[in-house]
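Structure file start-v7.csv (CSV, C-alpha atoms) follows.
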```csv
chain,number,residue,atom,x,y,z
A,563,MET,CA,29.0,-6.5,-24.2
A,564,PRO,CA,28.3,-6.4,-20.4
A,565,THR,CA,31.2,-5.3,-18.3
A,566,PRO,CA,31.8,-6.1,-14.6
A,567,ALA,CA,29.9,-3.8,-12.2
A,568,ALA,CA,28.6,-3.4,-8.7
A,569,VAL,CA,24.9,-4.3,-8.4
A,570,LEU,CA,22.3,-3.2,-5.8
A,571,CYS,CA,20.6,-6.5,-4.9
A,572,GLY,CA,18.8,-5.8,-1.6
A,573,LEU,CA,16.8,-2.8,-0.2
A,574,GLY,CA,15.9,-2.3,3.4
A,575,THR,CA,14.5,0.5,5.6
A,576,SER,CA,13.7,1.3,9.2
A,577,LEU,CA,11.7,4.2,10.5
A,578,PRO,CA,10.6,5.4,14.0
A,579,ALA,CA,7.0,4.7,14.7
A,580,ARG,CA,6.1,8.3,15.6
A,581,SER,CA,4.9,10.5,12.7
A,582,VAL,CA,4.7,14.1,13.5
A,583,SER,CA,2.6,16.5,11.3
A,584,ASN,CA,3.5,20.1,10.8
A,585,SER,CA,0.7,21.3,13.1
A,586,ARG,CA,1.7,18.9,15.8
A,587,LEU,CA,5.4,19.9,15.6
A,588,ILE,CA,4.4,23.6,15.8
A,589,ALA,CA,2.2,23.0,18.9
A,590,GLU,CA,4.7,20.7,20.7
A,591,ASN,CA,7.7,23.1,20.3
A,592,ASP,CA,5.9,26.4,20.3
A,593,LEU,CA,7.3,27.3,16.9
A,594,ASP,CA,6.6,30.6,15.2
A,595,SER,CA,5.4,29.1,12.0
A,596,ASP,CA,2.3,27.9,10.1
A,597,GLU,CA,1.7,24.4,8.7
A,598,ARG,CA,0.7,25.7,5.3
A,599,TRP,CA,3.8,27.8,5.1
A,600,ILE,CA,6.0,24.8,6.0
A,601,LEU,CA,4.4,22.7,3.3
A,602,GLU,CA,4.6,25.4,0.6
A,603,ARG,CA,8.2,26.3,1.5
A,604,THR,CA,9.6,22.9,1.9
A,605,GLY,CA,7.2,20.3,0.6
A,606,ILE,CA,7.2,18.6,4.0
A,607,ALA,CA,3.9,17.6,5.7
A,608,ALA,CA,5.2,15.2,8.3
A,609,ARG,CA,8.4,13.5,9.5
A,610,ARG,CA,9.3,10.4,11.7
A,611,LEU,CA,10.9,11.3,14.9
A,612,ALA,CA,12.9,8.8,17.1
A,613,ASP,CA,12.3,8.6,20.8
A,614,SER,CA,15.1,9.0,23.3
A,615,ARG,CA,15.7,5.2,23.5
A,616,THR,CA,16.2,4.7,19.7
A,617,SER,CA,19.7,5.4,18.4
A,618,THR,CA,21.2,5.7,14.9
A,619,GLY,CA,22.7,2.2,15.4
A,620,ASP,CA,19.2,0.7,16.2
A,621,LEU,CA,17.8,2.1,13.0
A,622,ALA,CA,20.9,1.0,11.0
A,623,GLU,CA,20.7,-2.5,12.3
A,624,ALA,CA,17.1,-2.9,11.4
A,625,ALA,CA,17.5,-1.4,7.9
A,626,GLY,CA,20.6,-3.6,7.3
A,627,ARG,CA,18.8,-6.7,8.4
A,628,ALA,CA,15.9,-5.8,6.1
A,629,ALA,CA,18.3,-5.3,3.1
A,630,LEU,CA,19.9,-8.7,3.8
A,631,ASP,CA,16.5,-10.4,3.8
A,632,SER,CA,15.5,-8.5,0.7
A,633,ALA,CA,18.7,-9.8,-1.0
A,634,ALA,CA,18.1,-13.3,0.2
A,635,GLU,CA,14.6,-13.4,-1.2
A,636,LEU,CA,15.9,-12.3,-4.6
A,637,ALA,CA,18.9,-14.7,-4.5
A,638,GLY,CA,16.9,-17.6,-3.1
A,639,ALA,CA,19.5,-18.1,-0.4
A,640,PRO,CA,21.0,-16.3,2.6
A,641,VAL,CA,23.7,-13.7,1.8
A,642,ARG,CA,26.6,-12.5,4.0
A,643,PRO,CA,28.2,-9.1,3.5
A,644,ASP,CA,32.0,-8.9,3.6
A,645,ILE,CA,32.2,-5.2,4.6
A,646,VAL,CA,29.8,-2.8,6.2
A,647,LEU,CA,29.8,1.0,5.4
A,648,LEU,CA,27.6,3.2,7.6
A,649,ALA,CA,27.0,6.8,6.4
A,650,THR,CA,25.9,9.0,9.3
A,651,THR,CA,26.5,12.4,10.9
A,652,THR,CA,24.8,11.2,14.1
A,653,PRO,CA,26.8,8.2,15.4
A,654,ASP,CA,25.8,6.5,18.6
A,655,HIS,CA,29.1,7.7,20.2
A,656,ARG,CA,31.9,10.1,19.2
A,657,CYS,CA,34.1,7.1,19.8
A,658,PRO,CA,34.0,4.3,18.7
A,659,ALA,CA,32.4,4.2,15.3
A,660,THR,CA,28.9,2.8,15.1
A,661,ALA,CA,29.4,0.5,12.2
A,662,PRO,CA,31.3,-2.3,14.1
A,663,GLU,CA,28.5,-2.6,16.6
A,664,VAL,CA,25.9,-2.7,13.9
A,665,ALA,CA,27.9,-5.4,12.1
A,666,HIS,CA,28.1,-7.4,15.4
A,667,ARG,CA,24.4,-7.1,15.9
A,668,LEU,CA,23.8,-8.4,12.4
A,669,GLY,CA,25.9,-11.5,13.2
A,670,LEU,CA,28.9,-10.2,11.2
A,671,SER,CA,31.6,-10.0,13.9
A,672,GLY,CA,35.0,-10.1,12.3
A,673,VAL,CA,33.7,-8.3,9.1
A,674,PRO,CA,35.4,-4.9,8.5
A,675,ALA,CA,33.0,-2.1,9.3
A,676,LEU,CA,33.4,1.7,9.3
A,677,ASP,CA,31.5,4.9,9.6
A,678,LEU,CA,31.6,7.5,6.7
A,679,SER,CA,30.7,11.1,7.3
A,680,ALA,CA,29.7,13.3,4.4
A,681,ALA,CA,26.5,14.7,5.9
A,682,CYS,CA,23.5,14.5,3.5
A,683,ALA,CA,25.8,13.3,0.7
A,684,GLY,CA,26.9,10.4,2.9
A,685,PHE,CA,25.0,7.7,1.0
A,686,VAL,CA,26.3,8.8,-2.4
A,687,TYR,CA,29.8,8.7,-1.0
A,688,ALA,CA,29.4,5.4,0.7
A,689,THR,CA,27.9,3.8,-2.4
A,690,ALA,CA,30.7,5.1,-4.5
A,691,CYS,CA,33.2,3.5,-2.0
A,692,ALA,CA,31.3,0.2,-2.2
A,693,GLN,CA,31.3,0.4,-6.0
A,694,ALA,CA,35.1,1.0,-6.1
A,695,LEU,CA,35.7,-1.9,-3.6
A,696,VAL,CA,33.7,-4.3,-5.7
A,697,THR,CA,35.0,-3.3,-9.1
A,698,ALA,CA,38.6,-3.5,-7.8
A,699,GLY,CA,37.9,-7.0,-6.6
A,700,LEU,CA,38.7,-6.3,-3.0
A,701,TYR,CA,35.2,-7.1,-1.6
A,702,VAL,CA,32.2,-9.0,-3.1
A,703,ARG,CA,29.2,-8.0,-1.0
A,704,PRO,CA,29.3,-4.6,0.7
A,705,LEU,CA,26.4,-3.6,2.9
A,706,VAL,CA,25.8,0.2,2.7
A,707,ILE,CA,23.6,1.9,5.3
A,708,GLY,CA,22.5,5.5,5.7
A,709,SER,CA,21.1,6.2,9.2
A,710,GLU,CA,20.4,9.4,11.1
A,711,THR,CA,18.8,10.7,14.3
A,712,TYR,CA,19.1,14.4,13.8
A,713,SER,CA,16.0,15.2,16.0
A,714,THR,CA,17.6,13.8,19.1
A,715,THR,CA,21.2,14.8,18.6
A,716,LEU,CA,21.7,17.9,16.4
A,717,ILE,CA,18.4,19.9,16.1
A,718,ASP,CA,17.2,22.6,18.4
A,719,PRO,CA,13.4,21.7,18.6
A,720,HIS,CA,12.6,25.4,19.0
A,721,ASP,CA,14.5,26.6,15.9
A,722,ARG,CA,11.9,26.9,13.2
A,723,ASP,CA,14.6,27.1,10.5
A,724,THR,CA,15.8,23.6,11.1
A,725,ALA,CA,13.3,21.8,13.3
A,726,ILE,CA,10.7,21.8,10.5
A,727,LEU,CA,13.1,20.1,8.0
A,728,PHE,CA,14.6,17.0,9.5
A,729,GLY,CA,13.3,13.6,10.3
A,730,ASP,CA,14.9,10.3,11.5
A,731,GLY,CA,15.3,7.0,9.7
A,732,ALA,CA,17.6,4.5,8.0
A,733,GLY,CA,17.9,3.0,4.5
A,734,ALA,CA,20.3,0.2,3.4
A,735,VAL,CA,21.4,-1.5,0.2
A,736,LEU,CA,23.3,-4.7,-0.3
A,737,VAL,CA,25.8,-4.5,-3.2
A,738,ARG,CA,27.3,-7.5,-5.0
A,739,ALA,CA,29.6,-8.1,-8.0
A,740,GLY,CA,27.7,-8.5,-11.3
A,741,THR,CA,27.5,-6.9,-14.8
A,742,SER,CA,26.5,-3.6,-16.2
A,743,GLU,CA,23.4,-4.8,-17.9
A,744,GLU,CA,21.7,-6.2,-14.8
A,745,PRO,CA,19.0,-4.4,-12.9
A,746,GLY,CA,20.6,-2.6,-10.0
A,747,ALA,CA,24.0,-2.1,-11.8
A,748,LEU,CA,25.9,1.0,-10.7
A,749,LEU,CA,27.3,2.6,-13.8
A,750,ALA,CA,29.1,6.0,-13.3
A,751,GLN,CA,29.8,8.2,-10.3
A,752,ASP,CA,30.8,11.8,-9.7
A,753,LEU,CA,31.9,13.2,-6.3
A,754,GLY,CA,33.0,16.6,-5.2
A,755,SER,CA,33.6,18.9,-2.2
A,756,ASP,CA,34.3,22.5,-1.2
A,757,GLY,CA,35.5,23.0,2.4
A,758,GLY,CA,35.8,26.7,1.7
A,759,HIS,CA,32.1,26.9,2.5
A,760,ALA,CA,32.1,24.6,5.6
A,761,GLY,CA,30.4,27.2,7.7
A,762,LEU,CA,27.2,27.2,5.7
A,763,ILE,CA,26.2,23.9,7.3
A,764,GLN,CA,27.7,23.3,10.7
A,765,VAL,CA,27.4,22.3,14.3
A,766,PRO,CA,29.8,24.9,15.8
A,767,ALA,CA,30.8,23.2,19.0
A,768,GLY,CA,31.6,19.7,20.2
A,769,GLY,CA,34.6,18.9,18.0
A,770,SER,CA,38.3,19.5,18.6
A,771,ARG,CA,38.1,23.0,17.0
A,772,ARG,CA,35.7,24.2,19.6
A,773,PRO,CA,35.3,21.6,22.4
A,774,ARG,CA,32.0,21.6,24.2
A,775,GLY,CA,32.1,24.0,27.1
A,776,ALA,CA,35.2,25.9,25.8
A,777,ALA,CA,35.5,29.6,26.3
A,778,GLY,CA,33.3,31.5,23.8
A,779,THR,CA,30.8,28.7,23.1
A,780,GLY,CA,27.2,29.4,23.7
A,781,PRO,CA,24.3,27.1,24.9
A,782,HIS,CA,23.1,26.6,21.3
A,783,ASP,CA,26.4,25.9,19.7
A,784,ASP,CA,25.9,22.2,20.0
A,785,TYR,CA,23.0,22.5,17.5
A,786,PHE,CA,22.9,22.3,13.8
A,787,ARG,CA,23.1,25.6,12.0
A,788,MET,CA,22.5,26.3,8.3
A,789,ASN,CA,22.5,29.4,6.0
A,790,GLY,CA,19.4,28.4,4.1
A,791,ARG,CA,19.6,30.8,1.2
A,792,ALA,CA,23.3,30.1,0.5
A,793,VAL,CA,22.8,26.4,0.9
A,794,TYR,CA,19.9,26.5,-1.6
A,795,ALA,CA,22.0,28.1,-4.2
A,796,HIS,CA,25.0,25.8,-3.7
A,797,ALA,CA,22.8,22.7,-3.6
A,798,VAL,CA,21.0,23.4,-6.8
A,799,ARG,CA,24.2,24.3,-8.7
A,800,ARG,CA,26.4,21.5,-7.3
A,801,MET,CA,23.8,18.7,-7.8
A,802,THR,CA,22.9,19.9,-11.3
A,803,ASP,CA,26.6,20.1,-12.4
A,804,SER,CA,27.4,16.7,-10.8
A,805,ALA,CA,24.3,15.1,-12.4
A,806,ARG,CA,25.3,16.5,-15.8
A,807,ASP,CA,28.9,15.2,-15.4
A,808,VAL,CA,27.7,11.7,-14.5
A,809,LEU,CA,25.2,11.6,-17.3
A,810,ARG,CA,28.0,12.5,-19.8
A,811,GLY,CA,30.2,9.8,-18.3
A,812,THR,CA,27.4,7.2,-18.8
A,813,GLY,CA,26.6,8.4,-22.3
A,814,TRP,CA,23.0,9.4,-21.4
A,815,GLY,CA,21.1,12.6,-22.1
A,816,PRO,CA,18.3,14.0,-19.9
A,817,ASP,CA,15.7,12.2,-22.1
A,818,ASP,CA,17.3,8.9,-21.4
A,819,VAL,CA,16.7,9.2,-17.6
A,820,GLU,CA,13.6,7.2,-16.7
A,821,SER,CA,13.7,7.9,-12.9
A,822,PHE,CA,15.4,10.6,-10.9
A,823,ILE,CA,15.9,10.3,-7.1
A,824,SER,CA,17.5,13.3,-5.4
A,825,HIS,CA,18.5,13.8,-1.8
A,826,GLN,CA,15.2,14.7,0.0
A,827,ALA,CA,16.3,18.1,1.3
A,828,ASN,CA,13.6,20.5,0.2
A,829,GLN,CA,11.0,20.2,-2.6
A,830,ARG,CA,12.1,23.5,-4.1
A,831,ILE,CA,15.7,22.2,-4.4
A,832,ILE,CA,14.5,18.9,-6.0
A,833,ASP,CA,12.3,20.7,-8.5
A,834,ALA,CA,15.0,23.3,-9.4
A,835,VAL,CA,17.6,20.5,-10.1
A,836,GLY,CA,15.0,18.5,-12.1
A,837,ASP,CA,14.0,21.6,-14.1
A,838,ARG,CA,17.6,22.5,-14.9
A,839,LEU,CA,18.4,19.0,-16.0
A,840,GLY,CA,15.3,18.8,-18.1
A,841,ILE,CA,13.8,15.8,-16.3
A,842,PRO,CA,10.0,16.0,-16.2
A,843,SER,CA,8.2,15.9,-12.8
A,844,SER,CA,6.6,12.6,-13.7
A,845,ARG,CA,10.1,10.9,-13.6
A,846,ARG,CA,11.1,12.5,-10.2
A,847,HIS,CA,10.5,10.2,-7.2
A,848,GLY,CA,10.7,10.7,-3.5
A,849,ASN,CA,9.0,10.7,-0.1
A,850,LEU,CA,10.0,14.1,1.3
A,851,ARG,CA,6.3,14.9,2.1
A,852,ASP,CA,6.0,12.1,4.6
A,853,LEU,CA,9.5,11.8,6.0
A,854,GLY,CA,11.2,15.2,5.7
A,855,ASN,CA,15.0,15.4,5.3
A,856,THR,CA,16.6,12.3,6.7
A,857,ALA,CA,20.1,13.3,5.6
A,858,ALA,CA,22.3,10.3,4.6
A,859,ALA,CA,19.3,8.0,4.9
A,860,SER,CA,17.1,10.0,2.4
A,861,ILE,CA,18.2,8.5,-0.9
A,862,PRO,CA,18.0,4.8,0.1
A,863,LEU,CA,14.6,5.5,1.8
A,864,ALA,CA,13.4,7.2,-1.4
A,865,LEU,CA,14.8,4.4,-3.5
A,866,ALA,CA,13.1,1.7,-1.4
A,867,ASP,CA,9.8,3.7,-1.4
A,868,THR,CA,9.8,4.0,-5.1
A,869,ALA,CA,10.5,0.3,-5.5
A,870,ALA,CA,7.8,-0.6,-3.0
A,871,ARG,CA,5.2,1.5,-4.9
A,872,ARG,CA,6.4,-0.1,-8.2
A,873,ARG,CA,6.7,3.3,-9.7
A,874,VAL,CA,9.8,2.3,-11.7
A,875,ALA,CA,10.5,-0.9,-13.6
A,876,PRO,CA,13.6,-2.9,-12.8
A,877,GLY,CA,16.4,-2.0,-15.1
A,878,ALA,CA,15.1,1.6,-15.7
A,879,ARG,CA,17.8,4.2,-16.3
A,880,THR,CA,18.1,6.0,-13.0
A,881,LEU,CA,19.9,9.1,-11.8
A,882,ILE,CA,20.6,9.8,-8.1
A,883,THR,CA,22.2,12.9,-6.6
A,884,GLY,CA,22.9,14.3,-3.2
A,885,PHE,CA,24.3,17.4,-1.4
A,886,GLY,CA,25.3,18.1,2.1
A,887,GLY,CA,27.6,19.8,4.6
A,888,GLY,CA,31.3,19.9,3.9
A,889,LEU,CA,30.3,21.0,1.4
A,890,ALA,CA,30.0,17.6,-0.3
A,891,TRP,CA,28.0,16.4,-3.2
A,892,GLY,CA,27.8,13.6,-5.8
A,893,ALA,CA,25.7,11.7,-8.3
A,894,HIS,CA,25.4,8.1,-9.7
A,895,THR,CA,23.8,6.6,-12.7
A,896,LEU,CA,22.4,3.1,-12.3
A,897,ARG,CA,19.8,0.6,-13.5
A,898,PHE,CA,16.9,0.5,-11.1
A,899,PRO,CA,17.1,-2.6,-8.9
A,900,GLU,CA,14.7,-5.4,-9.0
A,901,ALA,CA,14.9,-6.3,-5.3
A,902,ARG,CA,11.7,-6.1,-3.3
A,903,PRO,CA,12.3,-3.8,-0.3
A,904,ARG,CA,11.7,-4.8,3.3
A,905,SER,CA,11.1,-2.5,6.3
A,906,TYR,CA,11.7,-3.4,9.9
A,907,ALA,CA,11.0,-1.5,13.1
A,908,PRO,CA,14.1,-0.7,15.1
A,909,HIS,CA,15.0,-2.8,18.1
A,910,THR,CA,16.4,-0.6,20.8
A,911,HIS,CA,19.7,-1.7,22.3
A,912,HIS,CA,21.5,-0.3,25.4
A,913,ASP,CA,25.2,-0.4,26.3
A,914,THR,CA,26.0,-3.4,28.5
A,915,ASP,CA,29.8,-3.3,28.7
A,916,GLU,CA,31.2,-1.5,31.7
A,917,ALA,CA,33.5,1.5,31.0
A,918,PRO,CA,37.2,0.7,31.3
```
Once more with this new file: its structure as structure tokens, please.
Amino acid sequence: MPTPAAVLCGLGTSLPARSVSNSRLIAENDLDSDERWILERTGIAARRLADSRTSTGDLAEAAGRAALDSAAELAGAPVRPDIVLLATTTPDHRCPATAPEVAHRLGLSGVPALDLSAACAGFVYATACAQALVTAGLYVRPLVIGSETYSTTLIDPHDRDTAILFGDGAGAVLVRAGTSEEPGALLAQDLGSDGGHAGLIQVPAGGSRRPRGAAGTGPHDDYFRMNGRAVYAHAVRRMTDSARDVLRGTGWGPDDVESFISHQANQRIIDAVGDRLGIPSSRRHGNLRDLGNTAAASIPLALADTAARRRVAPGARTLITGFGGGLAWGAHTLRFPEARPRSYAPHTHHDTDEAP
């Protein structure tokens, strides 16, 4: 018998217009690399990069609006979220949070809104929070957004180890109360973290531990740093273990999984996790090749892309998993949503209020 559940009922995305190929990225930033090497090592051929006028909030607003219109089309009537959760590591400001302004721009002033930071695992964490809020009866229609602008905030464009990996973008889902048998139903979740390895993925300066300009900080300490080899090992192990736990919690085996959507970090990581789980490549879906690693936005962008291409039928048994700095990781099982995704270009917005 169907049980109460949180259901994904709207899908939206927003991407910067500028697509940058590997060869163009190398030429523009004088990187010591080769386009074929990048493709073979990462699976990335291009990425979307925001211009200096486009913020994380701009992308989040457009993706959120697209998700609301997608949900309205499916429901046959306008829908209004009752809480906004924004997963991001690149907020518009260190203070205040970006989510309240995004909610305001969506016409949702007065609705609770908050940022959630779990790096590349942010969307998995935010969706888990939305699921808990709905099943507890506290909220009925959470809007969950993953939005990032790594290229303009965290990445050294001349660092070949990180500049080749990351792109910018936003993806959003509207969640509503429903039942476990519906397309889009979120079924089980598994989350984890290990702060003992926080240094593997880190921006060394700019926080209270090492304020910007403090003694001992260098000119590159404001940029994202990653121990690639160690991160690979942790990502594969953590995502695999989390996926196995959530499959057991759902009562599924690997053969039951009809679609697998991983955080779009690196094709080698995605393939290693899929192989260890025993999920064939024909059931693995994503858009890493064209968008690169968009951190907290990567899973909703891949989910929407898969839906737009009609690669998976509504209701199909689906597994998603993500891993990021913290370290943080997680996985969900769900039934693939039936909503038709929409995608809108970001509308840039500049601060108008005077500083106090």
Exercise. Neighbours of Asp833 in chain A within 10 Å (all atoms listed in the file; same-chain residues fewer than 3 positions away dropped), as a list of chain:residue names?
Worked result: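 The neighbour list is A:Val798, A:Ser824, A:Asn828, A:Gln829, A:Arg830, A:Gly836, A:Asp837, A:Arg838, A:Leu839, A:Ile841, A:Pro842, A:Ser843, A:Arg846.
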Problem set entry | Point-to-point distance in Å for CA of Thr812 in chain A and CA of Val793 in chain A |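 One can read the CA of Val793 in chain A to CA of Thr812 in chain A distance as 27.9 Å.
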For this session: Could you jot down the CA of Leu809 in chain A to CA of Ala750 in chain A separation for me, Å, one decimal place?
Result: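 It comes out at 7.9 Å.
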Exercise. Between A:Asp721, A:Asp818, A:Asp803, A:Asp613, which one has atoms that come closest to Ile588 in chain A, using all atoms listed in the file?
Worked result: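 Going through A:Asp721, A:Asp818, A:Asp803, A:Asp613 one by one, the smallest distance to Ile588 in chain A is for A:Asp721.
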Problem set entry | CA of Glu820 in chain A to CA of Ala690 in chain A, straight-line distance in Å |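 CA of Ala690 in chain A sits 21.1 Å away from CA of Glu820 in chain A.
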For this session: Just the residues within 7 Å of Ala625 in chain A, please, counting all atoms listed in the file, with nothing from its chain fewer than 5 positions along; format it as JSON, numbers by chain.
Result: {"A": [574, 575, 576, 732, 733, 734, 905, 906]}
